[in-house]
$ cat work.txt   # compact mmCIF, C-alpha atoms
# COMPACT_ATOMS: atom_id res chain seq x y z
CA MET A 1 218.45 212.09 72.14
CA GLU A 2 216.85 215.10 73.28
CA SER A 3 214.85 215.11 70.23
CA VAL A 4 213.99 211.53 70.81
CA ARG A 5 213.16 212.42 74.31
CA LEU A 6 211.11 215.31 73.10
CA ILE A 7 209.42 213.04 70.65
CA CYS A 8 208.86 210.51 73.38
CA ASP A 9 207.64 213.25 75.71
CA SER A 10 205.27 214.43 73.04
CA GLU A 11 204.01 210.87 72.48
CA ILE A 12 203.62 210.14 76.16
CA PRO A 13 200.40 212.11 76.60
CA ALA A 14 198.97 210.43 73.58
CA LEU A 15 199.98 207.07 74.87
CA GLN A 16 198.68 207.94 78.29
CA GLN A 17 195.45 209.01 76.66
CA LYS A 18 195.37 205.71 74.84
CA MET A 19 196.16 203.92 78.03
CA ASP A 20 193.43 205.80 79.81
CA ASP A 21 191.06 205.04 77.03
CA PHE A 22 192.12 201.49 77.08
CA SER A 23 191.82 201.45 80.83
CA ASP A 24 188.30 202.88 80.57
CA LEU A 25 187.48 200.49 77.85
CA PHE A 26 188.89 197.68 79.87
CA ARG A 27 186.91 198.71 82.91
CA LYS A 28 183.84 199.05 80.84
CA SER A 29 184.55 195.77 79.26
CA LEU A 30 185.15 194.20 82.62
CA LYS A 31 182.02 195.73 83.94
CA SER A 32 180.20 194.46 80.95
CA LEU A 33 181.74 191.05 81.43
CA ARG A 34 180.69 191.07 85.06
CA ALA A 35 177.23 191.99 84.04
CA ARG A 36 177.25 189.32 81.42
CA SER A 37 178.72 186.89 83.88
CA GLN A 38 175.99 187.67 86.32
CA GLU A 39 173.45 187.46 83.58
CA THR A 40 174.93 184.19 82.50
CA ALA A 41 174.83 182.93 86.03
CA GLN A 42 171.22 184.02 86.27
CA ASN A 43 170.54 182.43 82.94
CA GLN A 44 172.17 179.26 84.12
CA VAL A 45 169.86 179.25 87.14
CA LYS A 46 166.97 179.88 84.83
CA LEU A 47 168.27 177.19 82.57
CA GLU A 48 168.38 174.79 85.43
CA GLU A 49 164.90 175.76 86.37
CA LEU A 50 163.81 175.39 82.78
CA LYS A 51 165.50 172.02 82.60
CA ALA A 52 163.64 170.96 85.73
CA THR A 53 160.43 172.28 84.25
CA LEU A 54 161.25 170.49 81.03
CA ARG A 55 161.84 167.24 82.89
CA GLU A 56 158.56 167.70 84.69
CA ALA A 57 156.94 168.47 81.37
CA GLU A 58 158.54 165.39 79.88
CA ASP A 59 157.26 163.33 82.80
CA ASP A 60 153.85 164.83 82.31
CA LEU A 61 154.12 164.08 78.63
CA VAL A 62 155.06 160.49 79.34
CA LYS A 63 152.18 160.25 81.75
CA ALA A 64 149.90 161.88 79.22
CA LEU A 65 151.12 159.50 76.57
CA GLY A 66 150.47 156.61 78.91
CA VAL A 67 147.00 157.90 79.60
CA LYS A 68 146.50 158.46 75.92
CA THR A 69 147.71 154.96 75.15
CA ARG A 70 145.39 153.48 77.76
CA LYS A 71 142.52 155.54 76.48
CA GLU A 72 143.33 154.48 72.95
CA ALA A 73 143.37 150.87 74.06
CA LYS A 74 140.13 151.46 75.89
CA ARG A 75 138.70 153.07 72.80
CA MET A 76 139.81 150.14 70.70
CA ALA A 77 138.27 147.78 73.22
CA LEU A 78 135.08 149.82 73.18
CA MET A 79 135.08 149.72 69.39
CA ASP A 80 135.48 145.94 69.53
CA ALA A 81 132.71 145.74 72.13
CA ILE A 82 130.48 147.92 69.98
CA ALA A 83 131.23 145.80 66.93
CA SER A 84 130.57 142.67 68.98
CA ALA A 85 127.38 144.19 70.36
CA LYS A 86 126.28 145.12 66.84
CA ALA A 87 126.95 141.59 65.68
CA ARG A 88 125.03 140.27 68.68
CA VAL A 89 122.16 142.64 67.91
CA GLU A 90 122.10 141.30 64.38
CA ASP A 91 122.13 137.75 65.73
CA LEU A 92 119.35 138.61 68.13
CA LYS A 93 117.37 140.21 65.33
CA SER A 94 117.67 137.08 63.22
CA SER A 95 116.90 135.01 66.28
CA VAL A 96 113.82 137.12 66.99
CA GLN A 97 112.76 136.72 63.39
CA GLU A 98 113.29 132.98 63.65
CA GLN A 99 111.37 132.86 66.92
CA ARG A 100 108.54 134.84 65.32
CA THR A 101 108.44 132.34 62.47
CA LYS A 102 108.43 129.47 64.94
CA ASN A 103 105.81 131.27 66.99
CA GLY A 104 103.62 131.40 63.92
CA GLU A 105 104.20 127.73 63.23
CA TYR A 106 103.47 126.81 66.84
CA ALA A 107 100.34 128.95 66.77
CA ALA A 108 99.22 127.06 63.68
CA ILE A 109 100.00 123.73 65.34
CA LEU A 110 98.17 124.80 68.50
CA SER A 111 95.24 125.86 66.40
CA GLN A 112 95.19 122.48 64.70
CA HIS A 113 95.41 120.71 68.05
CA SER A 114 92.63 122.88 69.42
CA LEU A 115 90.44 121.91 66.51
CA ALA A 116 91.37 118.26 66.95
CA LEU A 117 90.68 118.53 70.68
CA ALA A 118 87.33 120.15 70.04
CA ALA A 119 86.49 117.42 67.54
CA SER A 120 87.65 114.79 70.01
CA GLU A 121 85.52 116.31 72.77
CA GLY A 122 82.58 116.29 70.42
CA MET A 123 83.20 112.64 69.61
CA THR A 124 83.57 111.83 73.30
CA ASN A 125 80.23 113.46 74.07
CA GLY A 126 78.65 111.60 71.19
CA SER A 127 80.26 108.38 72.35
CA THR A 128 78.97 108.92 75.90
CA GLU A 129 75.46 109.47 74.60
CA GLN A 130 75.74 106.36 72.47
CA LYS A 131 76.95 104.31 75.42
CA GLU A 132 74.02 105.52 77.51
CA GLU A 133 71.62 104.45 74.78
CA ILE A 134 73.28 101.05 74.51
CA GLN A 135 73.21 100.63 78.28
CA GLU A 136 69.53 101.56 78.31
CA ALA A 137 68.80 98.92 75.69
CA ILE A 138 70.78 96.29 77.58
CA SER A 139 68.88 97.19 80.75
CA TRP A 140 65.66 96.63 78.82
CA TYR A 141 66.73 93.09 77.96
CA ASN A 142 67.74 92.51 81.59
CA ARG A 143 64.51 93.89 83.02
CA VAL A 144 61.88 92.77 80.51
CA LEU A 145 63.32 89.47 79.34
CA GLY A 146 65.15 88.56 82.57
CA PHE A 147 68.12 87.88 80.36
CA HIS A 148 71.72 88.63 81.29
CA VAL A 149 74.90 88.09 79.33
CA GLU A 150 78.23 88.29 81.10
CA GLY A 151 81.63 87.99 79.51
CA GLY A 152 84.61 86.40 81.21
CA HIS A 153 86.08 82.94 80.97
CA GLY A 154 83.45 82.01 78.42
CA VAL A 155 80.12 83.75 78.21
CA LYS A 156 77.58 83.29 80.98
CA PHE A 157 73.91 83.43 79.99
CA THR A 158 71.54 83.93 82.90
CA PHE A 159 67.76 83.76 82.82
CA LYS A 160 65.17 84.89 85.34
CA ASN A 161 61.39 84.48 85.20
CA ILE A 162 61.81 80.78 84.58
CA ASN A 163 60.19 79.59 87.79
CA VAL A 164 56.69 81.07 88.14
CA ASN A 165 56.84 80.45 91.87
CA ASN A 166 60.15 82.26 92.19
CA PRO A 167 60.74 84.61 89.24
CA ASN A 168 64.01 85.83 90.69
CA GLU A 169 65.50 82.34 90.68
CA GLU A 170 68.32 82.27 88.18
CA CYS A 171 69.06 79.59 85.64
CA PHE A 172 72.35 79.93 83.87
CA PHE A 173 74.97 78.27 81.77
CA THR A 174 78.43 79.29 80.67
CA ILE A 175 79.73 78.41 77.25
CA ARG A 176 83.18 78.88 75.83
CA HIS A 177 84.38 78.94 72.28
CA GLU A 178 87.99 78.02 71.77
CA ASN A 179 89.80 76.50 68.80
CA ASP A 180 86.55 76.50 66.84
CA THR A 181 84.93 74.33 69.49
CA TYR A 182 82.15 75.16 71.91
CA THR A 183 82.35 73.74 75.40
CA LEU A 184 79.80 74.02 78.17
CA LEU A 185 81.62 75.09 81.29
CA ASN A 186 78.66 74.93 83.67
CA CYS A 187 74.90 74.68 83.66
CA GLU A 188 72.48 75.30 86.55
CA PRO A 189 70.08 73.62 86.84
CA SER A 190 71.60 70.74 85.00
CA LEU A 191 69.95 69.44 81.86
CA LYS A 192 69.95 65.92 80.56
CA ASP A 193 70.72 66.30 76.91
CA THR A 194 73.34 69.04 76.88
CA LYS A 195 75.91 66.71 75.38
CA GLU A 196 73.87 66.25 72.25
CA MET A 197 73.01 69.93 72.18
CA ILE A 198 76.65 70.91 72.29
CA GLN A 199 77.46 68.48 69.52
CA GLU A 200 74.67 69.98 67.48
CA LEU A 201 75.96 73.46 68.28
CA ASN A 202 79.43 72.56 67.10
CA LYS A 203 77.93 71.27 63.87
CA THR A 204 75.61 74.17 63.14
CA ASN A 205 77.42 76.99 64.94
CA GLY A 206 73.99 78.39 65.79
CA LEU A 207 74.85 79.84 69.16
CA PHE A 208 71.92 82.26 69.31
CA LYS A 209 69.35 79.55 68.70
CA PHE A 210 71.20 77.35 71.19
CA VAL A 211 70.75 80.01 73.87
CA ARG A 212 67.01 80.22 73.18
CA VAL A 213 66.69 76.46 73.26
CA MET A 214 68.59 76.32 76.55
CA ARG A 215 66.07 78.73 78.10
CA ARG A 216 63.19 76.55 76.94
CA LYS A 217 64.95 73.54 78.39
CA PHE A 218 65.33 75.32 81.70
CA GLN A 219 61.63 76.09 81.67
CA GLU A 220 60.79 72.47 80.98
CA VAL A 221 63.03 71.24 83.76
CA VAL A 222 61.68 73.72 86.28
CA VAL A 223 58.08 73.01 85.31
CA GLN A 224 58.64 69.29 85.61
CA GLY A 225 60.37 69.89 88.88
CA SER A 226 62.93 67.38 87.86
CA ALA A 227 65.98 69.54 87.94
CA ALA A 228 68.83 67.35 89.04
CA PRO A 229 71.93 68.60 90.87
CA LEU A 230 74.93 69.37 88.80
CA SER A 231 76.04 65.97 87.58
CA SER A 232 79.17 64.64 86.07
CA GLU A 233 77.37 64.60 82.76
CA HIS A 234 77.80 68.32 82.52
CA GLN A 235 81.38 68.20 83.47
CA GLU A 236 81.78 65.76 80.64
CA SER A 237 80.03 68.12 78.35
CA ALA A 238 82.84 70.52 78.91
CA LEU A 239 85.11 67.98 77.33
CA ILE A 240 83.04 67.56 74.23
CA SER A 241 85.07 68.64 71.34
CA ALA A 242 84.12 68.51 67.76
CA SER A 243 85.13 70.54 64.85
CA ALA A 244 82.91 73.57 64.59
CA PRO A 245 82.49 75.64 61.49
CA ASP A 246 83.81 79.13 61.59
CA LEU A 247 81.55 81.58 63.33
CA SER A 248 81.28 83.67 60.25
CA MET A 249 78.49 85.59 58.62
CA SER A 250 77.27 82.44 56.91
CA SER A 251 76.95 80.70 60.23
CA PHE A 252 75.01 83.69 61.57
CA ARG A 253 72.80 83.40 58.54
CA SER A 254 72.15 79.81 59.44
CA ASP A 255 70.55 81.27 62.53
CA SER A 256 69.29 84.30 60.67
CA PRO A 257 69.43 83.41 57.04
CA THR A 258 68.45 86.60 55.36
CA LYS A 259 69.70 90.07 55.90
CA ILE A 260 66.92 92.64 56.19
CA SER A 261 67.58 95.97 54.65
CA GLU A 262 66.38 99.14 56.32
CA ASP A 263 64.38 100.06 53.22
CA GLN A 264 62.49 96.84 53.48
CA VAL A 265 61.64 97.62 57.03
CA GLN A 266 60.35 101.06 56.13
CA LEU A 267 58.23 99.67 53.30
CA THR A 268 56.26 97.46 55.64
CA GLU A 269 53.20 98.59 57.53
CA ASP A 270 53.29 101.29 60.15
CA LYS A 271 53.59 98.68 62.86
CA ARG A 272 56.98 97.92 61.42
CA HIS A 273 58.23 101.48 61.66
CA PHE A 274 60.84 102.14 64.28
CA LYS A 275 60.07 104.92 66.69
CA LYS A 276 63.52 105.31 68.05
CA GLN A 277 65.40 105.37 64.82
CA ASN A 278 68.87 105.73 66.23
CA LEU A 279 68.66 102.92 68.73
CA GLY A 280 66.66 100.82 66.29
CA ARG A 281 69.35 101.14 63.71
CA ARG A 282 72.06 100.46 66.21
CA VAL A 283 70.42 97.34 67.58
CA LYS A 284 69.37 96.20 64.13
CA SER A 285 72.85 96.68 62.82
CA ALA A 286 74.15 94.82 65.85
CA LEU A 287 71.67 92.10 65.08
CA LEU A 288 72.37 91.83 61.40
CA SER A 289 75.63 93.31 60.31
CA PRO A 290 78.45 90.93 59.49
CA GLU A 291 80.86 93.35 61.12
CA SER A 292 79.11 93.14 64.45
CA ALA A 293 78.81 89.41 64.15
CA SER A 294 82.50 89.03 63.54
CA SER A 295 83.15 91.46 66.35
CA VAL A 296 81.29 89.20 68.70
CA ARG A 297 83.38 86.33 67.57
CA GLN A 298 86.67 88.15 67.83
CA SER A 299 86.12 89.76 71.19
CA PRO A 300 88.15 88.04 73.89
CA ARG A 301 85.56 88.95 76.49
CA LEU A 302 82.76 87.55 74.42
CA LYS A 303 84.70 84.65 73.04
CA VAL A 304 82.81 81.46 73.74
CA MET B 1 83.04 98.75 72.01
CA CYS B 2 82.36 96.08 74.57
CA SER B 3 78.89 97.50 75.17
CA ARG B 4 78.18 97.38 71.45
CA MET B 5 79.21 93.76 71.30
CA MET B 6 77.09 92.97 74.35
CA LEU B 7 74.12 94.66 72.72
CA SER B 8 74.82 92.68 69.58
CA MET B 9 74.72 89.47 71.59
CA TYR B 10 71.41 90.39 73.31
CA ALA B 11 69.81 91.39 70.03
CA SER B 12 71.09 88.37 68.14
CA VAL B 13 69.94 85.89 70.78
CA THR B 14 66.48 87.39 71.23
CA ASN B 15 65.88 88.78 67.70
CA ILE B 16 64.24 91.72 69.46
CA VAL B 17 64.75 95.45 69.05
CA PRO B 18 63.27 97.21 72.09
CA ASN B 19 61.24 100.38 71.75
CA LEU B 20 62.41 102.67 74.51
CA ASP B 21 60.31 105.69 73.60
CA ASP B 22 57.20 104.76 75.54
CA GLN B 23 58.20 103.67 79.03
CA SER B 24 54.55 103.16 80.04
CA LYS B 25 54.35 100.16 77.76
CA ILE B 26 56.59 97.26 76.99
CA SER B 27 57.04 97.31 73.26
CA GLY B 28 59.53 96.53 70.61
CA TYR B 29 60.07 94.81 67.32
CA ILE B 30 60.66 91.17 66.60
CA VAL B 31 62.99 90.75 63.68
CA GLU B 32 62.01 87.76 61.59
CA LYS B 33 65.06 87.46 59.46
CA ASP B 34 63.93 84.38 57.58
CA LYS B 35 60.82 86.29 56.46
CA ASN B 36 62.57 89.61 55.89
CA ALA B 37 60.06 91.20 58.22
CA VAL B 38 59.86 93.14 61.43
CA GLU B 39 56.82 92.71 63.64
CA LYS B 40 55.85 95.04 66.37
CA PHE B 41 54.74 93.84 69.80
CA GLU B 42 53.28 95.84 72.63
CA PHE B 43 52.17 94.94 76.14
CA ASP B 44 50.31 97.09 78.64
CA SER B 45 52.27 96.52 81.82
CA SER B 46 49.24 97.49 83.92
CA LYS B 47 47.24 94.56 82.56
CA ILE B 48 49.82 91.80 82.39
CA THR B 49 52.53 90.77 84.79
CA ALA B 50 56.21 91.18 83.99
CA LEU B 51 56.63 87.39 84.26
CA ASP B 52 53.95 86.78 81.66
CA VAL B 53 55.35 89.45 79.35
CA CYS B 54 58.80 87.94 79.60
CA ASN B 55 57.67 84.41 78.87
CA GLU B 56 55.34 85.52 76.11
CA ILE B 57 58.14 87.31 74.30
CA TRP B 58 60.52 84.37 74.72
CA LYS B 59 57.76 82.11 73.45
CA ILE B 60 57.38 84.23 70.32
CA VAL B 61 61.08 84.44 69.56
CA GLY B 62 61.59 80.77 70.36
CA SER B 63 58.90 79.54 68.06

$ encode --input "work.txt" --output "structure tokens"
Amino acid sequence: MESVRLICDSEIPALQQKMDDFSDLFRKSLKSLRARSQETAQNQVKLEELKATLREAEDDLVKALGVKTRKEAKRMALMDAIASAKARVEDLKSSVQEQRTKNGEYAAILSQHSLALAASEGMTNGSTEQKEEIQEAISWYNRVLGFHVEGGHGVKFTFKNINVNNPNEECFFTIRHENDTYTLLNCEPSLKDTKEMIQELNKTNGLFKFVRVMRRKFQEVVVQGSAAPLSSEHQESALISASAPDLSMSSFRSDSPTKISEDQVQLTEDKRHFKKQNLGRRVKSALLSPESASSVRQSPRLKV
Amino acid sequence: MCSRMMLSMYASVTNIVPNLDDQSKISGYIVEKDKNAVEKFEFDSSKITALDVCNEIWKIVGS
């Protein structure tokens, strides 16, 4: 027992040493655990802070992603706009090219119109000059021959210089051609044998000679002093109707049977040479050409 | 065109082509179509009255 006790007593210090060691170890361990616990607690705080930071970062990331997405969409829109603008530029280029082509065409058309306008102006000037010459010639007939022709409802032929005592006294008659028939609308002073004259006119269609004969008749009446007031005879003459031949070139030839060529005129003596060639030709052509003769017939204002 | 036709009528009735170059004289040409000829006439307006000139010309063309 004793021995056991001795053994126990001898083991006690060792056990106490172990217990002390263990106690130290435990204290150290506890201390370490405390430290770790504190560190853990601190780490947890840090972790919380980090989590908060992370959440903020995640929010920022989401925001950044949103911004990025919007910018990407904007970029895509810009790309579309650029592509659209490029297409529009191409369209505009082709349009400009087309406009340039049209511009060239219009310039050509304008040039043609300018030329036509210039030509037209030239013709107008020429026409004005021609009209002045014609008017001058007509004035000559009015002044020198006391002879006036006036178109209207029929053609009125007026003569002055019939009465030597009163040269300005006018003798006139108006004749109308309708349905191939001449009718005398009025005659002043009246003449006795107009009925027969009109019948003859409708047979021969020689209007120009008829006019000359009418002037001679006026002269005879005025000289004889036997001019009668406008009688019913002349009203009747307006009703004379007989078939008249067409007022064609042949009928003009009956009054002026042969056409005179310009060469023939130039071959005659110097007294037959026209001084004013242009007017001479114009009047001569008016006198002789079938075209002008038919024009006289066809003109409503000159229709007799 | 109307003036041309009027002129045609004057010329055809009178058979005369006036000469407008010399205004001091009354002159022109009488177209004798049946003879294929043109005859000149000329009057000195200082020596003969306008009435006589007029009737003389009408007398010629009417004959």

$ closest_atom_pairs --input "work.txt" --of "chain B" --to "chain A" --cutoff "8 Å" --atoms "all atoms listed in the file" --output "JSON lines"
{"residue": "B:Ser3", "atom": "CA", "partner": "A:Ile134", "partner_atom": "CA", "distance": 6.7}
{"residue": "B:Arg4", "atom": "CA", "partner": "A:Ile134", "partner_atom": "CA", "distance": 6.8}
{"residue": "B:Met5", "atom": "CA", "partner": "A:Val296", "partner_atom": "CA", "distance": 5.6}
{"residue": "B:Met6", "atom": "CA", "partner": "A:Val149", "partner_atom": "CA", "distance": 7.3}
{"residue": "B:Leu7", "atom": "CA", "partner": "A:Ile138", "partner_atom": "CA", "distance": 6.1}
{"residue": "B:Ser8", "atom": "CA", "partner": "A:Ala286", "partner_atom": "CA", "distance": 4.4}
{"residue": "B:Met9", "atom": "CA", "partner": "A:Val296", "partner_atom": "CA", "distance": 7.2}
{"residue": "B:Tyr10", "atom": "CA", "partner": "A:Tyr141", "partner_atom": "CA", "distance": 7.1}
{"residue": "B:Ala11", "atom": "CA", "partner": "A:Leu287", "partner_atom": "CA", "distance": 5.3}
{"residue": "B:Ser12", "atom": "CA", "partner": "A:Leu287", "partner_atom": "CA", "distance": 4.9}
{"residue": "B:Val13", "atom": "CA", "partner": "A:Phe208", "partner_atom": "CA", "distance": 4.4}
{"residue": "B:Thr14", "atom": "CA", "partner": "A:Arg212", "partner_atom": "CA", "distance": 7.4}
{"residue": "B:Asn15", "atom": "CA", "partner": "A:Leu287", "partner_atom": "CA", "distance": 7.2}
{"residue": "B:Val17", "atom": "CA", "partner": "A:Val283", "partner_atom": "CA", "distance": 6.2}
{"residue": "B:Pro18", "atom": "CA", "partner": "A:Ala137", "partner_atom": "CA", "distance": 6.8}
{"residue": "B:Asn19", "atom": "CA", "partner": "A:Lys276", "partner_atom": "CA", "distance": 6.6}
{"residue": "B:Leu20", "atom": "CA", "partner": "A:Lys276", "partner_atom": "CA", "distance": 7.1}
{"residue": "B:Asp21", "atom": "CA", "partner": "A:Lys276", "partner_atom": "CA", "distance": 6.4}
{"residue": "B:Ile26", "atom": "CA", "partner": "A:Val144", "partner_atom": "CA", "distance": 7.8}
{"residue": "B:Tyr29", "atom": "CA", "partner": "A:Arg272", "partner_atom": "CA", "distance": 7.4}
{"residue": "B:Lys33", "atom": "CA", "partner": "A:Thr258", "partner_atom": "CA", "distance": 5.4}
{"residue": "B:Asp34", "atom": "CA", "partner": "A:Thr258", "partner_atom": "CA", "distance": 5.5}
{"residue": "B:Lys35", "atom": "CA", "partner": "A:Thr258", "partner_atom": "CA", "distance": 7.7}
{"residue": "B:Asn36", "atom": "CA", "partner": "A:Ile260", "partner_atom": "CA", "distance": 5.3}
{"residue": "B:Ala37", "atom": "CA", "partner": "A:Val265", "partner_atom": "CA", "distance": 6.7}
{"residue": "B:Val38", "atom": "CA", "partner": "A:Arg272", "partner_atom": "CA", "distance": 5.6}
{"residue": "B:Glu39", "atom": "CA", "partner": "A:Arg272", "partner_atom": "CA", "distance": 5.7}
{"residue": "B:Lys40", "atom": "CA", "partner": "A:Lys271", "partner_atom": "CA", "distance": 5.5}
{"residue": "B:Ala50", "atom": "CA", "partner": "A:Val144", "partner_atom": "CA", "distance": 6.8}
{"residue": "B:Leu51", "atom": "CA", "partner": "A:Asn161", "partner_atom": "CA", "distance": 5.7}
{"residue": "B:Val53", "atom": "CA", "partner": "A:Val144", "partner_atom": "CA", "distance": 7.4}
{"residue": "B:Cys54", "atom": "CA", "partner": "A:Leu145", "partner_atom": "CA", "distance": 4.8}
{"residue": "B:Asn55", "atom": "CA", "partner": "A:Asn161", "partner_atom": "CA", "distance": 7.3}
{"residue": "B:Ile57", "atom": "CA", "partner": "A:Leu145", "partner_atom": "CA", "distance": 7.5}
{"residue": "B:Trp58", "atom": "CA", "partner": "A:Leu145", "partner_atom": "CA", "distance": 7.4}
{"residue": "B:Gly62", "atom": "CA", "partner": "A:Arg212", "partner_atom": "CA", "distance": 6.1}

$ write_last_selection --input "work.txt" --atoms "C-alpha atoms" --output "PDB file, in the coordinates of the input"
ATOM      1  CA  SER B   3      78.890  97.500  75.170  1.00  0.00           C
ATOM      2  CA  ARG B   4      78.180  97.380  71.450  1.00  0.00           C
ATOM      3  CA  MET B   5      79.210  93.760  71.300  1.00  0.00           C
ATOM      4  CA  MET B   6      77.090  92.970  74.350  1.00  0.00           C
ATOM      5  CA  LEU B   7      74.120  94.660  72.720  1.00  0.00           C
ATOM      6  CA  SER B   8      74.820  92.680  69.580  1.00  0.00           C
ATOM      7  CA  MET B   9      74.720  89.470  71.590  1.00  0.00           C
ATOM      8  CA  TYR B  10      71.410  90.390  73.310  1.00  0.00           C
ATOM      9  CA  ALA B  11      69.810  91.390  70.030  1.00  0.00           C
ATOM     10  CA  SER B  12      71.090  88.370  68.140  1.00  0.00           C
ATOM     11  CA  VAL B  13      69.940  85.890  70.780  1.00  0.00           C
ATOM     12  CA  THR B  14      66.480  87.390  71.230  1.00  0.00           C
ATOM     13  CA  ASN B  15      65.880  88.780  67.700  1.00  0.00           C
ATOM     14  CA  VAL B  17      64.750  95.450  69.050  1.00  0.00           C
ATOM     15  CA  PRO B  18      63.270  97.210  72.090  1.00  0.00           C
ATOM     16  CA  ASN B  19      61.240 100.380  71.750  1.00  0.00           C
ATOM     17  CA  LEU B  20      62.410 102.670  74.510  1.00  0.00           C
ATOM     18  CA  ASP B  21      60.310 105.690  73.600  1.00  0.00           C
ATOM     19  CA  ILE B  26      56.590  97.260  76.990  1.00  0.00           C
ATOM     20  CA  TYR B  29      60.070  94.810  67.320  1.00  0.00           C
ATOM     21  CA  LYS B  33      65.060  87.460  59.460  1.00  0.00           C
ATOM     22  CA  ASP B  34      63.930  84.380  57.580  1.00  0.00           C
ATOM     23  CA  LYS B  35      60.820  86.290  56.460  1.00  0.00           C
ATOM     24  CA  ASN B  36      62.570  89.610  55.890  1.00  0.00           C
ATOM     25  CA  ALA B  37      60.060  91.200  58.220  1.00  0.00           C
ATOM     26  CA  VAL B  38      59.860  93.140  61.430  1.00  0.00           C
ATOM     27  CA  GLU B  39      56.820  92.710  63.640  1.00  0.00           C
ATOM     28  CA  LYS B  40      55.850  95.040  66.370  1.00  0.00           C
ATOM     29  CA  ALA B  50      56.210  91.180  83.990  1.00  0.00           C
ATOM     30  CA  LEU B  51      56.630  87.390  84.260  1.00  0.00           C
ATOM     31  CA  VAL B  53      55.350  89.450  79.350  1.00  0.00           C
ATOM     32  CA  CYS B  54      58.800  87.940  79.600  1.00  0.00           C
ATOM     33  CA  ASN B  55      57.670  84.410  78.870  1.00  0.00           C
ATOM     34  CA  ILE B  57      58.140  87.310  74.300  1.00  0.00           C
ATOM     35  CA  TRP B  58      60.520  84.370  74.720  1.00  0.00           C
ATOM     36  CA  GLY B  62      61.590  80.770  70.360  1.00  0.00           C
TER      37      GLY B  62
END

$ axis_aligned_box --input "work.txt" --around "range 4-12 of chain B" --padding-each-side "6 Å" --output "AutoDock Vina command-line options"
--center_x 74.5 --center_y 92.9 --center_z 71.2 --size_x 21.4 --size_y 21.0 --size_z 18.2

$ atom_distance --input "work.txt" --atom1 "CA of Ser23 in chain A" --atom2 "CA of Ser3 in chain A"
28.8 Å

$ atom_distance --input "work.txt" --atom1 "CA of Arg176 in chain A" --atom2 "CA of His153 in chain A"
7.2 Å

$ atom_distance --input "work.txt" --atom1 "CA of Glu188 in chain A" --atom2 "CA of Val222 in chain A"
10.9 Å
